[in-house]
Each structure stands twice: as C-alpha cells, then as structure tokens.
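Scroll down for the structure; my scribbles are underneath it.
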Protein chains: 2
Amino acid sequence: MASAAGGGRRDPEGRRRALAAAVVAVVAEVGVGRATHRMVAARAGVPLGATTYYFPTLADLIAAGLALVSDSIADDLASWEAAIGEAGGVAQGLSRRAAEYARDQRRALLEYELYLAAARGPQLRPLARAWLDGMHEILAPRVGARAARAITALVDGAMLQAAVTGDPIDQAALAEAIEALSASPRP
Amino acid sequence: MASAAGGGRRDPEGRRRALAAAVVAVVAEVGVGRATHRMVAARAGVPLGATTYYFPTLADLIAAGLALVSDSIADDLASWEAAIGEAGGVAQGLSRRAAEYARDQRRALLEYELYLAAARGPQLRPLARAWLDGMHEILAPRVGARAARAITALVDGAMLQAAVTGDPIDQAALAEAIEALSASPRP
DNA sequence: CCCGAACTTGTACGATCGTACAAGTTCGGG
DNA sequence: CCCGAACTTGTACGATCGTACAAGTTCGGG
C-alpha cells in the first residue's frame, strides 16, 4: 500500500462515488422504479460498461445510491439535534429545522420516496428506522417518550405535505403545535 | 339506445372497470414506476390487446387506475366525516378512523405512493389536494383552521409511519395528541 | 524495464417493454 | 335476415432494458 488510504490508480474510488451520487440524482428525478443503468452512467459521465464493472447488478448500483442517502440522513440527525439544542427550546429549533428541510423539495421528495420504498423491500428498512428511532432518541429525553412519538409524527406529516404540495412550512404554526404536544400531560 | 345506460354488448364497460381495478392492484404491488401493460392484462384476466383497445397508451391505462383510487378517497372522506361526527368527539373519532385506515397496510402504502407521485407529475395533483383540502374542510369548522392543519399533519404523519413500519397506530396516544392540538389557544 | 492485475471501453446478447394492426367474432338496428 | 360497427384476439414491430464480455489501456511491484 504505497499511497495509503483509498488507493487510486486512475481513481476507481472516485468513480464509485460518482456513480452512487448519480444514482441519487436519477432516483430523485424519475423515481426508484424507473432508474436505469444507462441514465446513471450518463449522469455520472462514465460509459455504460463502468456501471457493471463497479456494481454487478442494477440492485447493487441502486443500493449504493441509497447507502449515500442513508448516510446523509444520519448526518442530518446530528443537525436536528443541534437545532433543538439551541436557544428557543424544542419547538422553536425543531420547527425551524423542519422548515429548512422542506425548502429543498427535491431532496425531501427523494427521501420520502425512499422512506415509502422501505416498506416494500427490506433493504431500505434501516433507512426508515434510522430516521424514526433517531428522532425519538433526540426528543424522548426532552419531552418524554409519548410526546416524542407524537411530535415525530406531526413533523413528518408537515414535511410530507410540504414536499407534496410544494408550499413552504408555516414555521410559527408548527412551533405552536409542537409546543402543544410537548405540554401534553401524561396519561 | 335500446338497453339504456351504459350499453353493453359483450360487457365492455365491465372490462374497462376490470382493467382499472387491475391497475390499482398492480401499482400497489410493484409501484407506479414498474407497472406494465402485460402485468395489468394478466391481473385483469384479459389478453394484452384488450388493454390498448380500451386505453391507447400506458399513461391512459394507469390514469384510469388512479382515477379509481381518487374516487375511493372521496368516498373515504365521507367516512372520515362520519367517524368524527360520532359520539366521543373529534379526537376519538379521528384516531379510531386513522387506526382503521392504517390496518390495511397495502392500501395505505398505495395511497401514500400516489400522494408522493402527485408531486412529480401534475396529473395526480387533484388526488393530493382532495385529501388535504377535504380533511381541512371537515376539521376547520370544529377546531379552527390552524388546529385543523396541525391535526391533518399529525394524522398524516402517524398513518405514514404506520404504513412504513407496519406497526399499528397507537390509537389512545393519537387521540391524546389530537386533543392537545384541538385545545391549542389561538395565536 | 516489464508484466500481471486493475481498470476502461464499446459492442453485443436475449428478454421485455409499449404499441400497432390484421383477421376474426359478436351483436343490435333496419 | 344481414350488415356494419363494436369488440376480441394473437402476433409482430422497433426500442430499450440488464448484463456479459473481448479487447484495449494503465500502472505499481519486482
């Protein structure tokens, strides 16, 4: 191992990353069901043959893209936690972060599509779980398990609606609703 | 016009309906992006040629199926309103109906997939709007516009999560959350 | 220097797709 | 009775798909 981490004769690792990123772009554009080798290759700027060299089957290729999204969701969770930790409390931080998230409609749609696709094929299950459990882990210590689950559903619904309609999230209204759920008495 | 409404030589209208219903089944199984003429024909029990006779293009065929779902959502809205009108108030009726709805995971997934697909192609926009506006129309007179929107988001999120995870909705917890949002003071 | 492994590229394969269509069948109106 | 419109059916078309692979090219280790 001469040049250490990653190797890189003609930058195969870069191609692998470029292909995975191209998968994300293509899936965002046409949906999981319509993504093809050729679209991904064109988007990544590599010949068709390169796709099957790095990823033997289409399922492998798409899985590589989804892994990328999965990682970015994990990163996202950290930023959600940071937003909530800031001044203003859970309701302010959470609603601000949700409104920000929904502003990138393209990405929001992609993630919700994958979120749903997780129900059909088990290979995406971890992605959906990461989001739900991650949010619960962040919120539960601050508002209790029961309110955490309700707030996660509320925020999920608000972001889904924003992604579908294209309308921005009403941040003040969402904050108020989160507040109402946080204050809910125990059963 | 001898036999009046619908005509019906060898039951063409029945075939049309069978094809539309088959589209719904196929889309529910493999998703919008992977539904094909041949799958729909096989499911409907008609030869391939019949699909293009009744629906010139694949888009027409799929649109027919989605129209069916759209109609059933309109029917659903009536039953949501009925559930809310029953004894126990908004929170009880709504949470009970949502839990019922989520019990049919297959149908819930189908509808959420179409809901999302509405963001990509404008031909499904009415479907998404029908749901959002319909719920708002039902809830707003009872809890106010602001709470109506928050509750719709909450219920949407809860049903989406149930559809994705396959877990049933915690009806009592949802009712409690709806209650909290209904009682929220005006801004 | 050079050689084998790693990578690249273009082309080709059978399968399946959406769609077209010719030839048959059925049926109600005149 | 019968004829044309409505419907049925099977087959065939070119396009596109996932995947395989032979022939080249590059590059680091010995």
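Following the order of the structure tokens, chains are lettered A, B, ..., residues in each are numbered from 1, and ligands are numbered from 1.
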
What residues in chain C have any atom no more than 9 Å from chain B when counting only C-alpha atoms (C1' of nucleotides), and can you write them as a ChimeraX atom specification?
/C:17-19,26-28

Take the residues from that selection and put them in a file with C-alpha atoms (C1' of nucleotides), as a CSV table (one decimal), in the first residue's frame.
chain,number,residue,atom,x,y,z
C,17,DC,C1',-41.3,-3.4,-23.0
C,18,DG,C1',-45.2,-0.1,-25.4
C,19,DT,C1',-47.7,-0.1,-29.2
C,26,DT,C1',-70.3,-10.8,-31.9
C,27,DC,C1',-74.4,-8.2,-31.9
C,28,DG,C1',-78.2,-4.6,-32.5

Residues of chain A were defined as contacting chain B if any atom lay at most 10 Å from it, counting only C-alpha atoms; please report them as a compact mmCIF listing (two decimals) with N, CA and C atoms, in the first residue's frame.
# COMPACT_ATOMS: atom_id res chain seq x y z
N ALA A 28 -33.94 10.70 -7.73
CA ALA A 28 -34.69 11.90 -7.36
C ALA A 28 -35.52 12.41 -8.53
N GLU A 29 -35.00 12.20 -9.72
CA GLU A 29 -35.67 12.73 -10.90
C GLU A 29 -36.80 11.84 -11.41
N VAL A 30 -36.55 10.54 -11.52
CA VAL A 30 -37.54 9.67 -12.14
C VAL A 30 -38.15 8.64 -11.19
N GLY A 31 -37.66 8.58 -9.96
CA GLY A 31 -38.19 7.60 -9.02
C GLY A 31 -37.39 6.31 -9.03
N VAL A 32 -37.51 5.54 -7.97
CA VAL A 32 -36.73 4.31 -7.83
C VAL A 32 -37.05 3.32 -8.94
N GLY A 33 -38.30 3.26 -9.33
CA GLY A 33 -38.73 2.24 -10.28
C GLY A 33 -38.26 2.46 -11.70
N ARG A 34 -37.88 3.67 -12.02
CA ARG A 34 -37.54 3.96 -13.42
C ARG A 34 -36.07 4.26 -13.64
N ALA A 35 -35.28 4.13 -12.62
CA ALA A 35 -33.84 4.38 -12.78
C ALA A 35 -33.20 3.24 -13.55
N GLN A 105 -37.23 20.91 -1.85
CA GLN A 105 -38.33 19.98 -2.18
C GLN A 105 -37.81 18.72 -2.86
N ARG A 106 -36.85 18.90 -3.75
CA ARG A 106 -36.29 17.79 -4.49
C ARG A 106 -35.76 16.70 -3.56
N LEU A 109 -38.56 15.09 -1.40
CA LEU A 109 -39.32 14.10 -2.16
C LEU A 109 -38.55 12.80 -2.29
N LEU A 110 -37.27 12.92 -2.62
CA LEU A 110 -36.42 11.74 -2.75
C LEU A 110 -36.46 10.92 -1.47
N TYR A 112 -38.60 10.94 1.03
CA TYR A 112 -39.89 10.36 1.36
C TYR A 112 -40.23 9.19 0.44
N GLU A 113 -39.77 9.29 -0.79
CA GLU A 113 -40.00 8.16 -1.68
C GLU A 113 -39.24 6.92 -1.19
N TYR A 115 -38.26 6.42 1.84
CA TYR A 115 -38.92 6.11 3.11
C TYR A 115 -40.07 5.13 2.85
N LEU A 116 -40.87 5.45 1.85
CA LEU A 116 -42.00 4.59 1.49
C LEU A 116 -41.52 3.29 0.86
N ALA A 117 -40.52 3.39 0.01
CA ALA A 117 -39.99 2.20 -0.64
C ALA A 117 -39.49 1.20 0.40
N ALA A 118 -39.11 1.72 1.55
CA ALA A 118 -38.62 0.85 2.62
C ALA A 118 -39.68 -0.16 3.04
N ALA A 119 -40.93 0.20 2.86
CA ALA A 119 -42.00 -0.71 3.25
C ALA A 119 -42.11 -1.88 2.27
N ARG A 120 -41.68 -1.68 1.05
CA ARG A 120 -41.82 -2.71 0.02
C ARG A 120 -40.67 -3.70 0.04
N ARG A 125 -35.22 -0.83 4.94
CA ARG A 125 -35.77 -0.76 6.27
C ARG A 125 -34.87 0.05 7.22
N ALA A 128 -35.43 3.85 7.07
CA ALA A 128 -36.64 4.35 7.73
C ALA A 128 -36.48 4.29 9.25
N ARG A 129 -35.92 3.21 9.72
CA ARG A 129 -35.72 3.04 11.16
C ARG A 129 -34.77 4.09 11.71
N LEU A 132 -36.79 7.33 12.20
CA LEU A 132 -37.78 7.29 13.26
C LEU A 132 -37.13 7.13 14.64
N ARG A 146 -43.83 9.52 24.99
CA ARG A 146 -45.14 9.63 24.34
C ARG A 146 -45.22 10.88 23.46
N ALA A 147 -44.82 12.00 24.01
CA ALA A 147 -44.83 13.24 23.24
C ALA A 147 -43.82 13.17 22.10
N ARG A 149 -43.06 10.67 20.27
CA ARG A 149 -43.65 9.96 19.14
C ARG A 149 -44.67 10.83 18.42
N ALA A 150 -45.48 11.54 19.17
CA ALA A 150 -46.49 12.41 18.55
C ALA A 150 -45.83 13.53 17.75
N ILE A 151 -44.79 14.11 18.32
CA ILE A 151 -44.11 15.21 17.64
C ILE A 151 -43.44 14.72 16.36
N THR A 152 -42.83 13.54 16.43
CA THR A 152 -42.22 12.98 15.23
C THR A 152 -43.26 12.80 14.13
N ALA A 153 -44.42 12.30 14.49
CA ALA A 153 -45.49 12.12 13.51
C ALA A 153 -45.92 13.47 12.94
N LEU A 154 -46.08 14.44 13.81
CA LEU A 154 -46.51 15.78 13.37
C LEU A 154 -45.51 16.38 12.39
N VAL A 155 -44.24 16.32 12.75
CA VAL A 155 -43.20 16.92 11.91
C VAL A 155 -43.10 16.15 10.58
N ASP A 156 -43.17 14.83 10.68
CA ASP A 156 -43.14 14.00 9.47
C ASP A 156 -44.30 14.38 8.54
N GLY A 157 -45.48 14.52 9.11
CA GLY A 157 -46.65 14.86 8.30
C GLY A 157 -46.51 16.24 7.67
N ALA A 158 -46.01 17.18 8.44
CA ALA A 158 -45.85 18.55 7.93
C ALA A 158 -44.84 18.58 6.79
N MET A 159 -43.75 17.86 6.94
CA MET A 159 -42.73 17.86 5.88
C MET A 159 -43.24 17.11 4.65
N LEU A 160 -43.96 16.04 4.88
CA LEU A 160 -44.54 15.30 3.75
C LEU A 160 -45.48 16.19 2.96
N GLN A 161 -46.35 16.89 3.66
CA GLN A 161 -47.30 17.76 2.98
C GLN A 161 -46.60 18.86 2.21
N ALA A 162 -45.55 19.41 2.82
CA ALA A 162 -44.80 20.46 2.12
C ALA A 162 -44.15 19.90 0.86
N ALA A 163 -43.63 18.67 0.98
CA ALA A 163 -42.97 18.06 -0.18
C ALA A 163 -43.98 17.80 -1.30
N VAL A 164 -45.18 17.39 -0.92
CA VAL A 164 -46.19 17.05 -1.93
C VAL A 164 -46.76 18.30 -2.58
N THR A 165 -47.11 19.28 -1.76
CA THR A 165 -47.77 20.46 -2.31
C THR A 165 -46.78 21.49 -2.87
N GLY A 166 -45.55 21.47 -2.37
CA GLY A 166 -44.60 22.48 -2.80
C GLY A 166 -44.71 23.76 -1.98
N ALA A 172 -44.23 29.14 12.26
CA ALA A 172 -44.82 29.57 13.53
C ALA A 172 -45.93 28.61 13.95
N ALA A 173 -46.76 28.22 13.00
CA ALA A 173 -47.86 27.31 13.32
C ALA A 173 -47.32 25.96 13.79
N LEU A 174 -46.25 25.50 13.12
CA LEU A 174 -45.67 24.22 13.51
C LEU A 174 -45.09 24.30 14.92
N GLU A 176 -46.00 26.20 17.32
CA GLU A 176 -47.12 26.24 18.27
C GLU A 176 -47.67 24.83 18.50
N ALA A 177 -47.81 24.08 17.43
CA ALA A 177 -48.33 22.72 17.54
C ALA A 177 -47.39 21.83 18.34
N ILE A 178 -46.09 21.97 18.07
CA ILE A 178 -45.11 21.18 18.82
C ILE A 178 -45.19 21.52 20.30
N GLU A 179 -45.32 22.80 20.57
CA GLU A 179 -45.45 23.26 21.95
C GLU A 179 -46.65 22.57 22.62
N ALA A 180 -47.76 22.56 21.90
CA ALA A 180 -48.99 21.97 22.46
C ALA A 180 -48.77 20.48 22.77
N LEU A 181 -48.03 19.81 21.91
CA LEU A 181 -47.81 18.38 22.13
C LEU A 181 -46.80 18.15 23.25
N SER A 182 -45.84 19.03 23.39
CA SER A 182 -44.83 18.89 24.45
C SER A 182 -45.47 19.02 25.80
N ALA A 183 -46.42 19.92 25.88
CA ALA A 183 -47.03 20.23 27.17
C ALA A 183 -48.08 19.22 27.58
N SER A 184 -48.37 18.27 26.67
CA SER A 184 -49.45 17.32 26.97
C SER A 184 -49.16 16.55 28.25
N PRO A 185 -50.15 16.44 29.12
CA PRO A 185 -49.98 15.74 30.40
C PRO A 185 -49.79 14.24 30.17
N ARG A 186 -49.18 13.59 31.10
CA ARG A 186 -49.05 12.14 30.96
C ARG A 186 -50.41 11.48 31.17
N PRO A 187 -50.59 10.26 30.59
CA PRO A 187 -51.88 9.55 30.65
C PRO A 187 -52.22 9.22 32.05

Among stretch 28-145 of chain A, which ones does DSSP assign to alpha helix (DSSP H) (computed from the backbone)? Answer as a PyMOL selection string.
chain A and resi 28-30+37-44+48-54+58-85+89-103+105-120+125-143+145

At a cut-off of 10 Å, using only C-alpha atoms (C1' of nucleotides), what residues contact A:Arg16? Leave out same-chain residues fewer than 5 positions from it and give the result as number ranges by chain.
A: 11, 21-22, 44, 50-51, 53-55, 61, 64
